[in-house]
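Enquirer: The following file, protein-v5.txt, comprises compact mmCIF, C-alpha atoms and all ligand atoms:
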# COMPACT_ATOMS: atom_id res chain seq x y z
CA MET W 350 -8.43 11.35 13.19
CA LYS W 351 -7.69 13.73 16.06
CA VAL W 352 -9.90 16.61 14.95
CA VAL W 353 -13.07 16.33 12.89
CA ARG W 354 -14.36 19.91 13.24
CA GLY W 355 -14.16 21.70 9.92
CA LYS W 356 -13.53 18.45 7.99
CA LYS W 357 -15.61 17.36 4.99
CA ALA W 358 -17.58 14.12 4.79
CA LEU W 359 -19.60 12.29 2.17
CA VAL W 360 -22.35 10.05 3.56
CA SER W 361 -24.34 7.69 1.34
CA GLY W 362 -27.84 6.55 2.29
CA ALA W 363 -28.17 9.69 4.43
CA ALA W 364 -31.95 10.08 4.07
CA SER W 365 -32.83 7.63 6.82
CA GLY W 366 -31.73 5.22 9.52
CA ILE W 367 -28.04 4.81 10.28
CA GLY W 368 -26.81 7.12 7.48
CA ARG W 369 -29.04 9.96 8.66
CA ALA W 370 -27.95 9.44 12.29
CA ILE W 371 -24.25 9.44 11.33
CA ALA W 372 -24.76 12.61 9.24
CA LEU W 373 -26.45 14.41 12.15
CA ARG W 374 -23.75 13.26 14.60
CA LEU W 375 -20.97 14.45 12.28
CA ALA W 376 -22.77 17.79 11.81
CA ALA W 377 -22.97 18.18 15.58
CA GLU W 378 -19.16 17.79 15.65
CA GLY W 379 -18.79 20.56 13.07
CA VAL W 380 -18.20 18.41 9.96
CA HIS W 381 -19.38 19.77 6.57
CA LEU W 382 -21.56 17.27 4.74
CA PHE W 383 -22.17 16.01 1.24
CA LEU W 384 -25.25 13.79 1.57
CA ILE W 385 -26.49 11.41 -1.11
CA ASP W 386 -29.52 9.12 -1.43
CA VAL W 387 -32.37 8.22 -3.78
CA ASP W 388 -34.97 9.39 -1.25
CA ASP W 389 -35.09 13.13 -2.01
CA ALA W 390 -37.66 14.03 0.65
CA GLY W 391 -35.74 12.22 3.40
CA LEU W 392 -32.50 13.78 2.20
CA ALA W 393 -33.96 17.31 2.30
CA GLN W 394 -35.24 16.72 5.85
CA ALA W 395 -31.86 15.36 7.00
CA ALA W 396 -30.13 18.38 5.45
CA ILE W 397 -32.41 20.82 7.29
CA GLU W 398 -31.67 19.12 10.61
CA ALA W 399 -27.93 18.81 9.95
CA SER W 400 -27.46 22.46 8.95
CA VAL W 401 -28.94 23.80 12.21
CA GLY W 402 -25.45 23.91 13.78
CA GLY W 403 -24.07 26.07 10.94
CA VAL W 404 -22.14 23.50 8.90
CA GLU W 405 -22.33 23.44 5.10
CA VAL W 406 -24.68 20.70 3.85
CA ILE W 407 -24.90 19.74 0.19
CA THR W 408 -27.41 17.14 -0.97
CA ARG W 409 -27.48 15.20 -4.21
CA HIS W 410 -29.81 12.60 -5.64
CA CYS W 411 -27.53 9.65 -6.41
CA ASP W 412 -28.70 6.19 -7.34
CA LEU W 413 -25.93 3.79 -6.35
CA SER W 414 -27.31 1.15 -8.70
CA GLU W 415 -26.14 3.41 -11.58
CA ARG W 416 -22.37 3.45 -12.05
CA HIS W 417 -22.44 6.71 -14.03
CA ASP W 418 -24.39 8.41 -11.20
CA ILE W 419 -21.61 7.47 -8.75
CA SER W 420 -18.94 8.93 -11.06
CA ALA W 421 -21.02 12.09 -11.58
CA THR W 422 -21.35 12.47 -7.79
CA VAL W 423 -17.59 12.09 -7.29
CA PHE W 424 -17.03 14.66 -10.05
CA GLU W 425 -19.30 17.14 -8.25
CA VAL W 426 -17.60 16.52 -4.89
CA LEU W 427 -14.15 17.11 -6.41
CA GLU W 428 -15.33 20.27 -8.23
CA ARG W 429 -16.95 21.80 -5.16
CA TRP W 430 -14.62 20.66 -2.40
CA GLY W 431 -11.58 19.18 -4.07
CA GLY W 432 -12.21 15.94 -2.11
CA VAL W 433 -13.34 14.70 1.29
CA ASP W 434 -11.68 13.78 4.57
CA ILE W 435 -14.30 11.23 5.64
CA LEU W 436 -16.17 8.81 3.41
CA VAL W 437 -19.10 6.95 4.96
CA ASN W 438 -20.17 4.05 2.74
CA ASN W 439 -23.53 3.32 4.31
CA ALA W 440 -26.40 2.91 1.83
CA GLY W 441 -27.75 -0.60 1.63
CA ILE W 442 -30.71 -2.83 0.94
CA THR W 443 -31.60 -6.33 2.09
CA TYR W 444 -33.49 -9.40 0.95
CA PHE W 445 -34.95 -12.12 3.14
CA GLY W 446 -35.75 -15.39 1.43
CA LYS W 447 -34.44 -18.60 -0.03
CA THR W 448 -31.35 -18.19 -2.18
CA ASP W 449 -32.72 -20.23 -5.08
CA HIS W 450 -36.01 -18.27 -5.05
CA MET W 451 -34.23 -14.94 -5.33
CA ALA W 452 -34.36 -13.53 -8.87
CA ALA W 453 -31.07 -12.83 -10.66
CA GLU W 454 -32.02 -9.12 -10.84
CA HIS W 455 -32.36 -9.01 -7.03
CA TRP W 456 -28.93 -10.61 -6.60
CA ASP W 457 -27.35 -8.15 -9.03
CA ARG W 458 -29.08 -5.12 -7.52
CA LEU W 459 -28.16 -6.07 -3.96
CA LEU W 460 -24.50 -6.72 -4.77
CA GLN W 461 -24.32 -3.48 -6.80
CA ILE W 462 -25.76 -1.26 -4.04
CA ASN W 463 -24.25 -2.98 -0.99
CA LEU W 464 -20.82 -3.73 -2.43
CA LEU W 465 -19.82 -2.58 -5.91
CA ALA W 466 -21.11 0.97 -5.46
CA HIS W 467 -19.05 1.40 -2.28
CA VAL W 468 -15.95 -0.04 -3.93
CA GLN W 469 -16.37 2.35 -6.87
CA MET W 470 -17.05 5.36 -4.64
CA THR W 471 -13.97 4.59 -2.53
CA ARG W 472 -11.77 3.94 -5.57
CA GLU W 473 -12.72 7.21 -7.23
CA LEU W 474 -12.33 9.28 -4.05
CA LEU W 475 -9.15 7.51 -2.91
CA PRO W 476 -6.60 9.92 -4.46
CA SER W 477 -8.26 12.85 -2.66
CA LEU W 478 -8.54 10.88 0.61
CA LEU W 479 -4.83 10.04 0.43
CA GLU W 480 -3.94 13.71 -0.06
CA ARG W 481 -5.41 14.39 3.38
CA PRO W 482 -3.06 13.83 6.33
CA ASP W 483 -5.52 11.42 8.01
CA GLY W 484 -8.52 10.65 5.80
CA HIS W 485 -10.99 8.01 6.97
CA VAL W 486 -13.26 5.50 5.25
CA LEU W 487 -16.09 4.16 7.43
CA ASN W 488 -17.80 1.16 5.86
CA VAL W 489 -21.15 0.30 7.40
CA CYS W 490 -20.98 -3.49 7.22
CA SER W 491 -22.94 -5.77 9.56
CA ILE W 492 -22.57 -8.68 11.97
CA LEU W 493 -23.84 -10.62 8.95
CA GLY W 494 -20.49 -9.79 7.37
CA LEU W 495 -18.85 -11.90 10.10
CA VAL W 496 -21.39 -14.65 10.71
CA GLY W 497 -23.29 -16.35 7.87
CA MET W 498 -27.03 -16.89 8.36
CA PRO W 499 -29.75 -18.66 6.38
CA MET W 500 -32.25 -16.77 4.17
CA VAL W 501 -29.97 -13.73 3.87
CA THR W 502 -27.24 -15.23 1.71
CA ALA W 503 -27.00 -12.36 -0.78
CA TYR W 504 -26.88 -9.82 2.05
CA CYS W 505 -24.20 -11.84 3.89
CA THR W 506 -22.20 -12.17 0.67
CA SER W 507 -22.14 -8.40 0.22
CA LYS W 508 -21.29 -7.71 3.86
CA PHE W 509 -18.52 -10.34 4.13
CA ALA W 510 -17.02 -8.73 1.03
CA MET W 511 -17.28 -5.27 2.60
CA VAL W 512 -15.46 -6.51 5.71
CA GLY W 513 -12.72 -7.97 3.49
CA PHE W 514 -12.59 -4.77 1.45
CA SER W 515 -12.20 -2.70 4.63
CA GLU W 516 -9.44 -4.91 6.06
CA SER W 517 -7.53 -5.00 2.81
CA LEU W 518 -7.83 -1.26 2.21
CA ARG W 519 -6.65 -0.61 5.75
CA SER W 520 -3.60 -2.82 5.34
CA GLU W 521 -2.75 -1.28 1.96
CA PHE W 522 -3.04 2.40 2.94
CA GLY W 523 -2.63 2.46 6.73
CA ARG W 524 1.00 3.58 6.47
CA GLN W 525 -0.07 6.48 4.27
CA GLY W 526 -2.36 7.82 6.99
CA LEU W 527 -5.69 6.48 5.77
CA GLY W 528 -7.95 5.10 8.49
CA VAL W 529 -10.50 2.43 7.61
CA THR W 530 -13.24 0.99 9.83
CA ALA W 531 -15.59 -1.93 9.31
CA LEU W 532 -18.62 -1.04 11.43
CA CYS W 533 -20.60 -4.22 12.19
CA PRO W 534 -23.86 -3.56 13.99
CA GLY W 535 -26.43 -6.22 14.85
CA PHE W 536 -30.11 -5.43 14.35
CA VAL W 537 -30.85 -1.71 14.24
CA ASN W 538 -34.27 -0.12 14.40
CA THR W 539 -34.58 1.28 10.83
CA LYS W 540 -36.74 0.74 7.75
CA LEU W 541 -34.17 -1.63 6.20
CA PHE W 542 -36.34 -4.70 6.78
CA THR W 543 -39.69 -3.23 5.74
CA SER W 544 -38.31 -1.75 2.50
CA ALA W 545 -36.98 -5.14 1.30
CA PRO W 546 -38.82 -6.88 -1.55
CA LEU W 547 -41.22 -9.60 -0.38
CA GLU W 548 -40.28 -13.14 -1.36
CA GLY W 549 -42.80 -15.29 -3.29
CA GLU W 550 -46.07 -15.72 -1.39
CA ALA W 551 -44.95 -13.78 1.71
CA SER W 552 -47.40 -11.03 2.62
CA GLU W 553 -45.48 -9.31 5.38
CA HIS W 554 -41.87 -8.49 6.20
CA LYS W 555 -39.78 -10.28 8.82
CA VAL W 556 -38.77 -7.71 11.40
CA PRO W 557 -36.39 -8.53 14.29
CA PRO W 558 -37.82 -8.30 17.81
CA GLN W 559 -37.32 -4.88 19.43
CA SER W 560 -35.59 -6.49 22.42
CA ILE W 561 -32.49 -7.31 20.36
CA THR W 562 -32.30 -4.13 18.28
CA THR W 563 -30.28 -1.01 18.93
CA THR W 564 -30.92 2.55 17.74
CA PRO W 565 -29.34 4.34 14.76
CA GLU W 566 -28.15 7.05 17.19
CA ARG W 567 -26.10 4.49 19.16
CA VAL W 568 -24.59 3.22 15.93
CA ALA W 569 -23.75 6.81 14.96
CA GLU W 570 -22.04 7.36 18.32
CA ALA W 571 -19.94 4.22 17.77
CA ALA W 572 -19.15 5.38 14.23
CA LEU W 573 -17.83 8.72 15.45
CA ARG W 574 -15.67 7.05 18.12
CA ALA W 575 -14.31 4.69 15.46
CA ILE W 576 -13.30 7.63 13.25
CA TYR W 577 -11.61 9.45 16.16
CA ARG W 578 -9.71 6.32 17.27
CA ASN W 579 -9.18 4.77 13.84
CA ARG W 580 -10.77 1.52 14.99
CA ARG W 581 -10.27 -1.45 12.67
CA MET W 582 -13.60 -3.06 13.43
CA VAL W 583 -16.54 -2.28 15.66
CA VAL W 584 -19.03 -5.00 16.57
CA MET W 585 -21.97 -3.40 18.35
CA GLY W 586 -25.41 -4.18 19.72
CA PRO W 587 -26.46 -7.11 21.97
CA PHE W 588 -27.31 -9.50 19.11
CA ALA W 589 -24.04 -8.80 17.25
CA ARG W 590 -21.86 -9.26 20.34
CA PHE W 591 -23.64 -12.50 21.20
CA LEU W 592 -23.23 -14.00 17.71
CA HIS W 593 -19.65 -12.78 17.36
CA GLY W 594 -18.80 -14.22 20.79
CA ILE W 595 -20.24 -17.62 19.90
CA LYS W 596 -18.40 -17.75 16.59
CA TRP W 597 -15.15 -16.81 18.29
CA LEU W 598 -15.48 -19.21 21.23
CA ALA W 599 -16.97 -22.21 19.40
CA PRO W 600 -16.84 -21.81 15.62
CA TRP W 601 -18.38 -25.30 15.19
CA LEU W 602 -21.48 -24.55 17.24
CA LEU W 603 -23.51 -22.51 14.73
CA ASP W 604 -22.48 -24.91 11.98
CA ALA W 605 -23.80 -27.82 14.05
CA VAL W 606 -27.08 -25.98 14.68
CA PHE W 607 -27.58 -25.37 10.96
CA HIS W 608 -26.87 -29.05 10.18
CA ARG W 609 -29.40 -30.48 12.64
CA GLY W 610 -31.54 -33.15 10.94
CA ARG W 611 -29.23 -33.40 7.91
CA ARG W 612 -28.85 -37.21 8.01
CA LYS W 613 -32.60 -37.73 8.28
CA CYS W 614 -33.15 -35.39 5.34
CA ILE W 615 -30.63 -37.25 3.17
CA ALA W 616 -32.19 -40.62 4.09
CA ARG W 617 -35.68 -39.30 3.23
CA LYS W 618 -34.49 -37.95 -0.13
CA GLU W 619 -32.82 -41.29 -0.96
CA LYS W 620 -36.00 -43.14 -0.05
CA GLU W 621 -38.12 -40.81 -2.18
CA ALA W 622 -35.74 -41.21 -5.13
CA ALA W 623 -35.84 -45.01 -4.79
CA ALA W 624 -39.65 -44.99 -4.63
CA GLU W 625 -39.77 -42.77 -7.72
CA VAL W 626 -37.60 -45.20 -9.69
CA ALA W 627 -39.67 -48.17 -8.56
CA ARG W 628 -42.86 -46.36 -9.66
CA HIS W 629 -41.28 -45.59 -13.01
CA ARG W 630 -40.27 -49.23 -13.59
CA ILE W 631 -43.82 -50.41 -12.96
CA SER W 632 -45.48 -47.75 -15.14
CA SER W 633 -43.06 -48.05 -18.09
CA PRO W 634 -41.68 -51.60 -18.44
CA SER W 635 -40.10 -50.68 -21.82
CA CYS W 636 -37.54 -48.57 -19.96
CA ASP W 637 -35.23 -51.56 -19.43
CA CYS W 638 -34.51 -51.81 -23.13
CA PRO W 639 -30.83 -51.25 -24.11
CA GLY W 640 -29.83 -47.60 -24.16
CA SER W 641 -32.58 -46.45 -21.76
CA SER W 642 -31.41 -43.64 -19.49
CA VAL W 643 -33.64 -44.73 -16.58
CA PRO W 644 -31.69 -46.70 -13.91
CA LEU W 645 -32.69 -50.38 -13.95
CA ALA W 646 -32.12 -51.28 -10.34
CA LEU W 647 -32.08 -49.50 -7.03
CA ASN W 648 -28.36 -50.05 -6.62
CA GLU W 649 -27.83 -48.07 -9.85
CA LEU W 650 -29.34 -44.95 -8.32
CA PRO W 651 -26.96 -41.98 -8.10
CA ARG W 652 -25.78 -41.64 -4.51
CA ILE W 653 -26.33 -38.29 -2.77
CA SER W 654 -22.99 -37.67 -1.21
CA ALA W 655 -22.95 -36.79 2.50
N1 LIG N 1 -30.88 -2.00 10.18
C1 LIG N 1 -30.06 -2.98 10.56
O1 LIG N 1 -30.42 -3.86 11.35
C2 LIG N 1 -28.65 -3.01 10.05
C3 LIG N 1 -27.74 -3.82 10.70
C4 LIG N 1 -26.43 -3.88 10.25
C5 LIG N 1 -26.06 -3.13 9.16
N2 LIG N 1 -26.97 -2.33 8.54
C6 LIG N 1 -26.51 -1.58 7.37
O2 LIG N 1 -26.66 -0.20 7.62
C7 LIG N 1 -26.77 0.49 6.38
C8 LIG N 1 -27.92 1.47 6.47
O3 LIG N 1 -29.14 0.76 6.60
P1 LIG N 1 -30.33 1.23 7.55
O4 LIG N 1 -30.57 0.16 8.51
O5 LIG N 1 -30.09 2.60 8.04
O6 LIG N 1 -31.55 1.16 6.52
P2 LIG N 1 -32.41 2.31 5.85
O7 LIG N 1 -33.29 1.64 4.88
O8 LIG N 1 -33.05 3.16 6.90
O9 LIG N 1 -31.31 3.21 5.12
C9 LIG N 1 -30.75 2.82 3.89
C10 LIG N 1 -30.64 4.06 3.02
O10 LIG N 1 -30.01 3.68 1.80
C11 LIG N 1 -30.71 4.33 0.75
N3 LIG N 1 -30.58 3.61 -0.50
C12 LIG N 1 -31.14 2.41 -0.83
N4 LIG N 1 -30.88 2.13 -2.11
C13 LIG N 1 -30.13 3.16 -2.60
C14 LIG N 1 -29.56 3.45 -3.87
N5 LIG N 1 -29.75 2.65 -4.91
N6 LIG N 1 -28.85 4.57 -4.01
C15 LIG N 1 -28.68 5.41 -2.97
N7 LIG N 1 -29.20 5.21 -1.76
C16 LIG N 1 -29.93 4.09 -1.58
C17 LIG N 1 -32.16 4.34 1.22
O11 LIG N 1 -32.94 5.30 0.51
C18 LIG N 1 -32.02 4.65 2.68
O12 LIG N 1 -32.04 6.04 2.93
C19 LIG N 1 -26.96 -0.59 5.32
O13 LIG N 1 -25.74 -0.79 4.65
C20 LIG N 1 -27.32 -1.82 6.12
O14 LIG N 1 -26.96 -2.99 5.47
C21 LIG N 1 -28.25 -2.25 8.96
Would you mind giving the structure from this file in C-alpha cells?
Expert:
Amino acid sequence: MKVVRGKKALVSGAASGIGRAIALRLAAEGVHLFLIDVDDAGLAQAAIEASVGGVEVITRHCDLSERHDISATVFEVLERWGGVDILVNNAGITYFGKTDHMAAEHWDRLLQINLLAHVQMTRELLPSLLERPDGHVLNVCSILGLVGMPMVTAYCTSKFAMVGFSESLRSEFGRQGLGVTALCPGFVNTKLFTSAPLEGEASEHKVPPQSITTTPERVAEAALRAIYRNRRMVVMGPFARFLHGIKWLAPWLLDAVFHRGRRKCIARKEKEAAAEVARHRISSPSCDCPGSSVPLALNELPRISA
C-alpha cells in the first residue's frame, strides 16, 4: 500500500498491548480507525489517544467469542464506512499448561478467539477489501505459529493455522491487489501472559524474562512497514529470530532437544507396567482362569511402541 493517509482500518484487540500500539501508529499516519475489544475502558482510552491527531475513531464493544457479535460489527462497519482498506486481526488470548489438563472449553475458546473469529471477520469483510485497489490484511500471528513449543499447544495450533490462513489468502487474492501479512513477533511486553487462565494448582503466571521481550511499539512499527511494503511475513524480536534461525538451519535440533530422555522414559514405563502385572498376579491368583482379561505372563504385556 503506497499511501495510508486517509485510509480506513479495523483493529481488533485495540484496548491494549500490540493492538493498541498498532492503532496509535496508524492514527499517527492519518488512518481513520474502527477499534474493537471487550475491554471498554481500555478501548475508550486508546480512542482518546488515537484521535489527538484529528483522525476519525469509532469504538465498539465486540466479543470475538460470539459469532453474531462479529457479524454485527461487520454490519456496522459496512453501514458507516462501506468497508475498510486495512484489517488488523490482532486480538488473542493464551494458555500455558499441559495439553491434557486443558479443559475442552479453554480449547474451544482459544481457537474461537485466536483463529475462527479472524477467519470470520476476514471472510465477511473480504468483498469490501477486494473493492479497494490495494486493501491489506495484517494477521498478528506469532513465532509460535512457526515453531511448536511444549505447554502452549493450543496457542501454537491457532497461530500455525493463522500463518497458513495468511499465506493461502495471499496466494488466492494477491493478483487482485490484496496484500496479506503474517506478523510473527517473539515475546512482547504486554498483559497477554498475566491475563491467561491459571492451570491446575499454579498460583502465578509464567512471564518471559524482560531480556528477550520487545515492546508493542516496535511491533507496531514493523506492522506499518509490512503494510507499506506488502510483506508476506515478518519475524521480529530477538527470541523469534533466534528460534526461526535454528529451525531453518537445523530443523532436527529442537526436535532432538524435546526428545531428550525419551528412551529412559519408555523403559521406566515398561518396567512399571511389568511390576504392576506381577503385583496383580500375586494379589489375585484367580485371574489366570480362562477368559480373564489380565495378561498372564510378562511377554503378553502390550508393547509401547517407540
Ligand atoms: N505478547 C506476546 O508476547 C505476543 C507474541 C506474539 C504474538 N502475540 C499476539 O499478539 C496479539 C495481541 O496480544 P497482546 O500481546 O497485545 O496481548 P494483550 O492481552 O495486551 O491484548 C489482547 C487484546 O485482545 C483483547 N481480547 C481478548 N479476548 C477478546 C475477545 N473475546 N474479543 C475481543 N477482544 C478480545 C483483549 O481485551 C486485549 O485488549 C495476540 O494475537 C497475541 O497472540 C503476542
Enquirer: Please check which protein, DNA or RNA residues sit within 8 Å of ligand LIG 1 (chain N), counting all atoms listed in the file, and write them as a VMD selection string.
Expert: chain W and resid 361 to 369 385 to 388 391 to 392 410 to 415 438 to 443 462 to 463 489 to 493 504 508 533 to 542 544 562 565
Enquirer: Considering all atoms listed in the file, can you say which of W:Leu487, W:Ile419, W:Met350, W:Val433 comes closest to Ala466 (chain W)?
Expert: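 With all atoms listed in the file as the atom set, the closest residue is W:Ile419.
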Enquirer: Nearest residue to Leu474 (chain W) out of W:Ser560, W:Ser517, W:Ser400, W:Thr422, using all atoms listed in the file?
Expert: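 That would be W:Thr422, the residue with the smallest distance to Leu474 (chain W).
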Enquirer: Which residue gives the smallest distance to His450 (chain W) among W:Val380, W:Val501, W:Gln559, W:Met585, with only C-alpha atoms counted?
Expert: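 Ranking W:Val380, W:Val501, W:Gln559, W:Met585 by distance to His450 (chain W), first place goes to W:Val501.
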Enquirer: Expressed in Å to a single decimal, how great is the separation between CA of Ala358 (chain W) and CA of Leu382 (chain W)?
Expert: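 CA of Leu382 (chain W) lies 5.1 Å from CA of Ala358 (chain W).
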Enquirer: Quick check, in Å to one decimal: how far apart do CA of Arg567 (chain W) and CA of Val406 (chain W) lie?
Expert: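 We find that CA of Arg567 (chain W) and CA of Val406 (chain W) lie 22.3 Å from each other.
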Enquirer: Between CA of Phe424 (chain W) and CA of Met582 (chain W), what distance in Å does the model show, to one decimal?
Expert: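 About the pair CA of Phe424 (chain W) and CA of Met582 (chain W): they are 29.6 Å apart.
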Enquirer: Identify which of the residues W:Ala372, W:Leu518, W:Met500, W:Val583 lies closest to Ala395 (chain W), counting only C-alpha atoms when measuring atom-to-atom distances.
Expert: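 Nearest to Ala395 (chain W): W:Ala372.
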Enquirer: With all atoms listed in the file as the basis for distance, which of W:Leu459, W:Val423, W:Ile435, W:Ala589 is at the shortest distance from Leu573 (chain W)?
Expert: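 Among the listed residues, the smallest separation from Leu573 (chain W) belongs to W:Ile435.
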Enquirer: Would you list the contacts of Phe383 (chain W) as JSON, numbers by chain, taking every protein, DNA or RNA residue within 6 Å and counting all atoms listed in the file, but skipping same-chain residues closer than 2 positions in sequence?
Expert: {"W": [359, 406, 407, 408]}
Enquirer: Considering all atoms listed in the file, can you say which of W:Asp389, W:Glu553, W:Glu619, W:Glu398 comes closest to Arg374 (chain W)?
Expert: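 Of W:Asp389, W:Glu553, W:Glu619, W:Glu398, the one nearest Arg374 (chain W), counting all atoms listed in the file, is W:Glu398.
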Enquirer: Using all atoms listed in the file, collect all residues at a distance of at most 9 Å from (-21.0, 26.1, 7.6) as written in the file, then present them as a PyMOL selection string.
Expert: chain W and resi 355+379-381+400+402-406
Enquirer: Is it possible to get the residues within 6 Å of (-36.5, -8.2, -2.9) (coordinates as in the file, counting only C-alpha atoms) written as a list of chain:residue names?
Expert: W:Tyr444, W:His455, W:Ala545, W:Pro546, W:Leu547
Enquirer: Draw an axis-aligned box tight on the listed atoms of region 407-424 of chain W, then pad every side by 3 Å and write out centre and edge lengths in Å to one decimal as JSON.
Expert:
{"center_x": -23.4, "center_y": 10.4, "center_z": -6.9, "size_x": 18.8, "size_y": 24.6, "size_z": 20.2}
Enquirer: Excluding same-chain residues fewer than 4 positions from Asp604 (chain W), what lies within 12 Å of it counting all atoms listed in the file, as a PyMOL selection string?
Expert: chain W and resi 496-499+595-596+599-600+608-609+611
Enquirer: If you take all atoms listed in the file and a cut-off of 9 Å, which residues of region 482-533 of chain W touch region 467-473 of chain W, and what are their nearest atom pairs and distances in Å to one decimal, in chain and number order, as JSON lines?
Expert:
{"residue": "W:Val486", "atom": "CA", "partner": "W:Thr471", "partner_atom": "CA", "distance": 7.9}
{"residue": "W:Asn488", "atom": "CA", "partner": "W:His467", "partner_atom": "CA", "distance": 8.2}
{"residue": "W:Met511", "atom": "CA", "partner": "W:His467", "partner_atom": "CA", "distance": 8.5}
{"residue": "W:Phe514", "atom": "CA", "partner": "W:Val468", "partner_atom": "CA", "distance": 7.9}
